[in-house]
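A.B. asks: Please read through the structure below; I'll follow up with questions.
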Amino acid sequence: MREQAVDALYGLGWGAVKRLPEPAARALGRRVADAAWRRRGAGVRRLEHNLARVRRDATPEELRALSRAGMRSYLRYWMESFRLPVMSAARIRASFAPEGVELLTDALDSGRGAVLALPHMANWDLAGAWVVTELGVPFTTVAERLRPESLYDRFVAYREGLGMEVLPHNGGTAFGALSRRLRKGGLVCLVADRDLSASGTEVTFFGETARMPAGPAMLALHTGAALLPVTLWYDDPPVMRGRVHPPVAVPEAGTRAEKARVMTQAVADSFAAGISRHPQDWHMLQRLWPDRDGGHGA
């Protein structure tokens with residue numbers, strides 16, 4: 001029953017919010033965000049735990065203010081995402097202003113392919129729609145298996161409708177397909193700040209050990225594609241901004257696993273730089289680090 005209710009809520013969002021005028025959708029998102037923040041549920045508490053690693057000198061009051069801004073950013077993501085299927089190409093182009101795009105186009109023009117690795121910042125779906133619309137570059141991504149299956153199908157249909165090829169995240173089964181796309185000079189985009197498997201790589205992230213997926217680095221090593229970290233943040237509505245960071249260098253020595261660890265750490269460092277500047281736009285409402293007290297926490 002709970003899964004059916006969640007599916008129905010997402011269906012309502014895609015069905016109803018996209019029909020609202022944009023200012024009304026934005027205002028609705030703020031109201032929902034503030035209500036969720038005041039309830040102080042597990043997601044909000046986890047967000048504050050995570051933000052405490054980013055802003056170690058913040059007072060409890062400052063963390064509360066930051067988590068409120070974070071929830072508003074998170075609901076802005078959802079309101080935009082519900083409206084993306086009906087946004088015009090011109091509106092999508094005007095909604096995103098990235099820096100360093102030449103790093104991506106140079107890699108693609110060279111024929112070597114590119115892997116974009118992104119954290120859960122701002123609206124990665126909007127960034128993907130911009131790549132398809134403005135650059136005319138299709139790309140492949142993966143999606144976490146969700147329950148119920150109908151909800152997963154909704155997300156796949158939504159992203160495919162924006163011009164993305166979506167593969168299921170089933171352990172390492174997508175690796176071969178992604179490698180084939182890259183060897184043909186294609187583009188792969190992966191959200192890569194949270195490990196969804198048991199095979200993640202340990203990195204130092206904001207001074208503590210966390211696990212992040214090694215997939216982006218392994219794909220780059222396996223295919224010769226460029227590995228480009230990307231960070232995103234919101235400016236005043238309706239603009240989102242972003243930065244394509246310089247390609248991650250491939251270490252000259254070491255085994256493939258050792259090289260992947262070094263490259264994944266470099267990706268984590270780029271993520272940390274972007275998150276430090278715009279912590280309110282990092283939508284990490286799940287566990288990333290072990291709790292300091294060794295417990296499981298919220």
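By order of appearance in the structure tokens: chains A, B, ..., then residues from 1 within every chain, and ligands from 1 in the order shown.
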Would you please give, as an MDAnalysis selection string, all residues of region 34-209 of chain A that DSSP assigns to helix (DSSP H, G or I) based on the backbone?
C.D. replies: chainID A and resid 34:39 42:54 60:86 89:94 101:109 124:135 149:161 175:183
A.B. asks: Could you pull the residues within 8 Å of Arg72 (chain A), counting only C-alpha atoms, minus those fewer than 3 positions along the same chain, as a list in words?
C.D. replies: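 After dropping sequence-adjacent residues, the list is Gly29, Arg30, Ala33, Asp34, Arg68, Ala69, Leu75 and Arg76 of chain A.
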A.B. asks: From the options A:Thr223, A:Ser88, A:Thr133, A:Thr231, which residue's atoms come nearest to Gly274 (chain A), counting only C-alpha atoms?
C.D. replies: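 Counting only C-alpha atoms, the residue closest to Gly274 (chain A) is A:Thr231.
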A.B. asks: Considering only C-alpha atoms, state which residue in the set A:Met164, A:Leu63, A:Ala217, A:Leu84 is at the smallest distance from Val132 (chain A).
C.D. replies: A:Met164
A.B. asks: Env of Ile275 (chain A): 9 Å cut, atoms = only C-alpha atoms, seq-sep filter 6 positions within chain, self excluded. Answer as a list in words.
C.D. replies: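 Final neighbour list, sorted by chain and number: Val54, Pro119, Met121, Thr231, Leu232, Trp233, Asp281 and Trp282 of chain A.
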A.B. asks: Output C-alpha atoms for every residue in the selection just made, as a short mmCIF file (atom, residue, chain, number, x, y, z; two decimals), in the first residue's frame.
C.D. replies:
```
data_model
loop_
_atom_site.label_atom_id
_atom_site.label_comp_id
_atom_site.auth_asym_id
_atom_site.auth_seq_id
_atom_site.Cartn_x
_atom_site.Cartn_y
_atom_site.Cartn_z
CA VAL A 54 30.52 20.47 5.09
CA PRO A 119 26.85 14.82 -7.32
CA MET A 121 23.33 18.97 -6.69
CA THR A 231 29.00 20.53 -10.12
CA LEU A 232 25.71 22.44 -10.25
CA TRP A 233 24.07 25.18 -8.22
CA ASP A 281 22.11 22.86 -3.29
CA TRP A 282 23.51 19.46 -2.30
#
```
A.B. asks: Please determine, counting only C-alpha atoms, which residue among A:Arg46, A:Arg261, A:Arg38, A:Arg83 has the shortest atom-to-atom distance to Tyr158 (chain A).
C.D. replies: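 Answer, going by the shortest atom-to-atom distance: A:Arg83.
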A.B. asks: Env of region 109-117 of chain A: 9 Å cut, atoms = only C-alpha atoms, seq-sep filter 5 positions within chain, self excluded. Answer as a PyMOL selection string.
C.D. replies: chain A and resi 104+181-193+216-217+219-220+223-231+244+267
A.B. asks: Please identify which residues in region 58-287 of chain A DSSP calls strand (DSSP E or B) from the backbone, and express them as an MDAnalysis selection string.
C.D. replies: chainID A and resid 96:99 114:118 121 139:144 164:169 187:191 201:205 208:212 226:234 240:244 282
A.B. asks: Mind checking which residues fall within 9 Å of His169 (chain A), counting only C-alpha atoms, ignoring those fewer than 6 positions away in the same chain, and posting them as a list of chain:residue names?
C.D. replies: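 Counting only C-alpha atoms, the residues come to A:Val142, A:Ala143, A:Glu144, A:Arg145, A:Leu196.
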A.B. asks: If we count only C-alpha atoms, what is near Arg159 (chain A) at a cut-off of 12 Å, once residues fewer than 2 positions away on the same chain are taken out, given as a PyMOL selection string?
C.D. replies: chain A and resi 81-82+84-85+124-129+132+138-143+152-157+161-167
A.B. asks: Please report the interatomic distance between CA of Arg243 (chain A) and CA of Gly136 (chain A) in Å with one decimal.
C.D. replies: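 Separation of CA of Arg243 (chain A) and CA of Gly136 (chain A): 18.7 Å.
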A.B. asks: Just the residues within 8 Å of region 249-260 of chain A, please, counting only C-alpha atoms, with nothing from its chain fewer than 6 positions along; format it as an mmCIF file with all heavy atoms, in the first residue's frame.
C.D. replies:
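Written output follows (out.cif):
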```
data_model
loop_
_atom_site.group_PDB
_atom_site.id
_atom_site.type_symbol
_atom_site.label_atom_id
_atom_site.label_comp_id
_atom_site.auth_asym_id
_atom_site.auth_seq_id
_atom_site.Cartn_x
_atom_site.Cartn_y
_atom_site.Cartn_z
ATOM 1 N N ALA A 214 33.114 3.572 -7.992
ATOM 2 C CA ALA A 214 34.312 3.621 -8.828
ATOM 3 C C ALA A 214 33.966 3.524 -10.309
ATOM 4 O O ALA A 214 34.864 3.614 -11.156
ATOM 5 C CB ALA A 214 35.259 2.488 -8.447
ATOM 6 N N ALA A 217 35.389 6.176 -12.908
ATOM 7 C CA ALA A 217 36.826 6.029 -13.141
ATOM 8 C C ALA A 217 37.134 4.749 -13.903
ATOM 9 O O ALA A 217 37.969 4.745 -14.825
ATOM 10 C CB ALA A 217 37.568 6.044 -11.808
ATOM 11 N N MET A 218 36.476 3.647 -13.559
ATOM 12 C CA MET A 218 36.724 2.387 -14.242
ATOM 13 C C MET A 218 36.324 2.477 -15.713
ATOM 14 O O MET A 218 37.014 1.939 -16.595
ATOM 15 C CB MET A 218 35.962 1.260 -13.554
ATOM 16 C CG MET A 218 36.473 0.927 -12.155
ATOM 17 S SD MET A 218 38.197 0.342 -12.139
ATOM 18 C CE MET A 218 38.022 -1.236 -12.990
ATOM 19 N N LEU A 221 39.061 4.412 -17.499
ATOM 20 C CA LEU A 221 40.253 3.590 -17.665
ATOM 21 C C LEU A 221 40.045 2.513 -18.718
ATOM 22 O O LEU A 221 40.948 2.215 -19.515
ATOM 23 C CB LEU A 221 40.612 2.936 -16.327
ATOM 24 C CG LEU A 221 41.212 3.852 -15.262
ATOM 25 C CD1 LEU A 221 41.239 3.140 -13.917
ATOM 26 C CD2 LEU A 221 42.621 4.293 -15.667
#
```
A.B. asks: Which is closer to Pro246 (chain A) than all the others in A:Arg277, A:Leu103, A:Ala177, A:Glu202, using only C-alpha atoms?
C.D. replies: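 Counting only C-alpha atoms, the residue closest to Pro246 (chain A) is A:Leu103.
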